[in-house]
Each structure stands twice: as C-alpha cells, then as structure tokens.
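Quick notes on the structure that follows.
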Amino acid sequence: MSEQARMATTYGSPATTPVDAAAVRRRPGMYVGDVHDGTGLEHMVWEIVANALDQHLAGYARCLSVSIDPEGLVEVTDDGAGIPLHEVEGRTYLEDIFLRIHTTPTRDHHAPHVHLSPSMRGVGMLPVAALSSRFELETVRHGQRATLSLVRGQPTSPLAIEPTSQRSGTCVRFLPDADVFGRAPVSRDNVEARLRELAWLLPHLELRFCGEVLPGRGGLYELVRAWGATEPILATRREIENASVELALGWAPDATTRIGSFVNYHPSVRGTHVNGLFEGLADLASARHLTLDAGETRVRVAPGLRAVVHVGLLDPSFGGPTRDHL
C-alpha cells in the first residue's frame, strides 16, 4: 500500500442494519450529527467531498471543485473515473447507493478511502439525499452518462443512462432540507478553511472553492514557508512500521510557535505524533552533543518553530471521543 493510500484508509462501521430514506429522516442526527449547530450540514458536504478525494487518492482525479451558492445549494465536482453502473441484485450500482447504507468502510471495499467528517466515519450518499430537498447527480464513466434526481431521498424520475463523448467525472448538487436543518445555510467559512487545509495535505490535487484555486502546491514545505519559516526548511516523508509520516519544519524570526498536526487528513490538537516530533528533535540535539530530553527540547526549540506533522494509520487510536489527540 502506498504512503498516500495508507494515510487515507480508516475503518469503522456506520450502521449495522439496512435503512431507507424514511428511516434516516426519522433520526437524522444518528447519521450526520447535530442538525441544529451546523455540524450535521457540514458532515453532508464532507461525505460527498470524501468520495471525490477517493478518486484522487486512487490516481483518477486531478481536480476537485466545491461551491456553495447564496441559497445554500452545494455542488461538488471531480474529474475522476465516475460511479460504476453495473447491476447489483437487479438494479444498477448507482441506484443501490440510495436504497441501503453499507455496513463496511466502503460499499465496494475500494481502497484508498478517506473519511472527512469529525467522527471519521462515513455513511454514504443515502443520508445526504434523504436529508436534501433537492439532490442531483450526474456521472460519466466508460462513455456512459447517468443522471439521477431525488427529493428527500425519493427519485423524481427513473435513472437515465445515455452514451456520451464527455470525459469521465461526477457532479453532485444538493440543497439541505430546511425542514430538518432550519434555514441557516452551510458555513462557507468553515468549509473553505477545511478545504484550505486539505489543499496543503494533497498538493497534487487542484482544489477549488467557489471558483478560486486554493494554494497547496509544494505541500507541507510551502505551508511552513507560508507560516513564516525561513530557509533551511526540513521536509520529509517516511514509512515507519505501520504508519506513514509526513513532516515539514523550520523557524521564523519571531518567537511564536505554530504546530499543525493531522491524522488521516484530520486536524488534531496534540498526541503521540507531536510528542514524537520533539523526541526526534531531542535525538538530533543528542547527535550534536547536547543532552536534552523532549521536554527541555520544547523549551529550547519552540520559539519561532513552524512545523506540520501528518500521520497516516490504518487503525488510529485516539485519546478521547472528540478524536482531537492521537
């Protein structure tokens, strides 16, 4: 498994029994989280974005675009391989996506796979469609274009499939149902901030938000430069046992400290990966004949430090239910 694939793969079961759109609407919080504070709305966005990122991590998609219009309509477009259209138990795979929630990390067991919601679990497109007053999907794969429209999880017309010369890719548009979430739209600021993080973590993906290409070229090296670090800057990526580790660090002229830490593309506050950063710096000091433990190293090197550490784990263990520290 590649380093990037390892960073993307997480495990967990979103549901244990098949459900339909009506069941999701009866208990929406069970699937997307709080429907009052905005986090449930954002979970729906990340559910669709994660599907597109899987296409990039598998080597199919180079561009991902996210937009939110003034009415709250969300659109996510990628140039990946498109959604499969083969049949599953008498219906297309695409239709099956909206009839039942999978009980495995992904419906088709593909890898790499990433979860972007704060809970680091995925539920698929069924809940997004069920909790949207308008949901439209268009996908092109192997010369076939498929379109599907749903209202609150129910198709408004049969799935349409026709030949096309269009390039492959997928576009999803959805308008969250005001009866479930109220009339407050998805927070553009929160979505943009998270996408900007992902742009730096995925430097080979052209990521756009509302038409703007987000900075990310150069990856973590350029991120710490953007934070004010001056040359020399250390940037490295390694496979260490069952983990992938990506690190960039340098120092800025001022005395403030800024450390960014991520686990499987999720921001974290602290954890063993941050502790390991300082332990590594302590080892470096020892090699230079300076005897410092990790705690002393923090005091000595923290002023001006700009660092980002991103670890990928197949089965991460977090120190609390909020998953903010490894």
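Please note that chains go A, B, ... in the order of the structure tokens, that every chain numbers its residues from 1, and that ligands are numbered from 1 in the order shown.
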Mind the document's chain letters and residue numbers, and return as a PyMOL selection string the residues of stretch 89-246 of chain A that DSSP labels helix (DSSP H, G or I). chain A and resi 93-97+125-130+178-181+188-201+219-226
Write out as a PDB file with N, CA and C atoms, in the first residue's frame each polymer residue whose atoms come within 9 Å of A:Trp200, counting only C-alpha atoms; drop sequence neighbours fewer than 6 positions from it.
ATOM      1  N   LEU A 214      -7.303  26.947  -4.574  1.00  0.00           N
ATOM      2  CA  LEU A 214      -6.727  27.114  -3.245  1.00  0.00           C
ATOM      3  C   LEU A 214      -5.240  26.779  -3.264  1.00  0.00           C
ATOM      4  N   PRO A 215      -4.425  27.537  -2.539  1.00  0.00           N
ATOM      5  CA  PRO A 215      -2.981  27.258  -2.517  1.00  0.00           C
ATOM      6  C   PRO A 215      -2.697  25.922  -1.846  1.00  0.00           C
ATOM      7  N   GLY A 216      -1.756  25.181  -2.400  1.00  0.00           N
ATOM      8  CA  GLY A 216      -1.408  23.875  -1.849  1.00  0.00           C
ATOM      9  C   GLY A 216      -0.208  23.277  -2.548  1.00  0.00           C
ATOM     10  N   ARG A 217       0.150  23.841  -3.704  1.00  0.00           N
ATOM     11  CA  ARG A 217       1.309  23.331  -4.422  1.00  0.00           C
ATOM     12  C   ARG A 217       2.558  23.454  -3.550  1.00  0.00           C
ATOM     13  N   GLY A 218       3.346  22.410  -3.537  1.00  0.00           N
ATOM     14  CA  GLY A 218       4.531  22.399  -2.681  1.00  0.00           C
ATOM     15  C   GLY A 218       4.287  21.721  -1.357  1.00  0.00           C
ATOM     16  N   GLY A 219       3.017  21.430  -1.028  1.00  0.00           N
ATOM     17  CA  GLY A 219       2.686  20.663   0.151  1.00  0.00           C
ATOM     18  C   GLY A 219       3.125  21.304   1.452  1.00  0.00           C
ATOM     19  N   LEU A 220       3.504  20.465   2.410  1.00  0.00           N
ATOM     20  CA  LEU A 220       3.817  20.948   3.748  1.00  0.00           C
ATOM     21  C   LEU A 220       5.037  21.856   3.764  1.00  0.00           C
ATOM     22  N   GLU A 222       5.852  24.153   1.550  1.00  0.00           N
ATOM     23  CA  GLU A 222       5.400  25.508   1.252  1.00  0.00           C
ATOM     24  C   GLU A 222       4.458  26.037   2.321  1.00  0.00           C
ATOM     25  N   LEU A 223       3.757  25.139   3.019  1.00  0.00           N
ATOM     26  CA  LEU A 223       2.881  25.598   4.094  1.00  0.00           C
ATOM     27  C   LEU A 223       3.680  26.238   5.219  1.00  0.00           C
TER      28      LEU A 223
END
Hey, what's within 12 Å of A:Arg145 if we count only C-alpha atoms and toss same-chain stuff fewer than 4 positions away? As a list in words, please? Ala81, Gly82, Ile83, Pro84, Leu85, Leu94, Leu137, Glu138, Thr139, Val140, Arg141, Leu159, Ala160, Ile161, Glu162, Pro163, Thr164, Ser165, Gln166, Arg167, Ser168, Gly169, Thr170 and Cys171 of chain A
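Atom CA of A:Arg62 to atom CA of A:Leu207 spans 8.6 Å [interatomic distance, one decimal].
For the pair atom CA of A:Arg194 and atom CA of A:Ser268, the interatomic distance is 12.7 Å.
Restricting the calculation to only C-alpha atoms, the smallest distance between A:Asn264 and any of A:Val186, A:Ala243, A:Val76, A:Leu64 is found for A:Ala243.
Shortest atom-to-atom contact with A:Pro70 among A:Arg183, A:Arg25, A:His86, A:Arg152: A:Arg183, counting only C-alpha atoms.
Of the residues listed (A:Ala129, A:Leu57, A:Val263, A:Leu313), A:Ala129 shows the shortest atom-to-atom separation from A:Ile97; distances use only C-alpha atoms.
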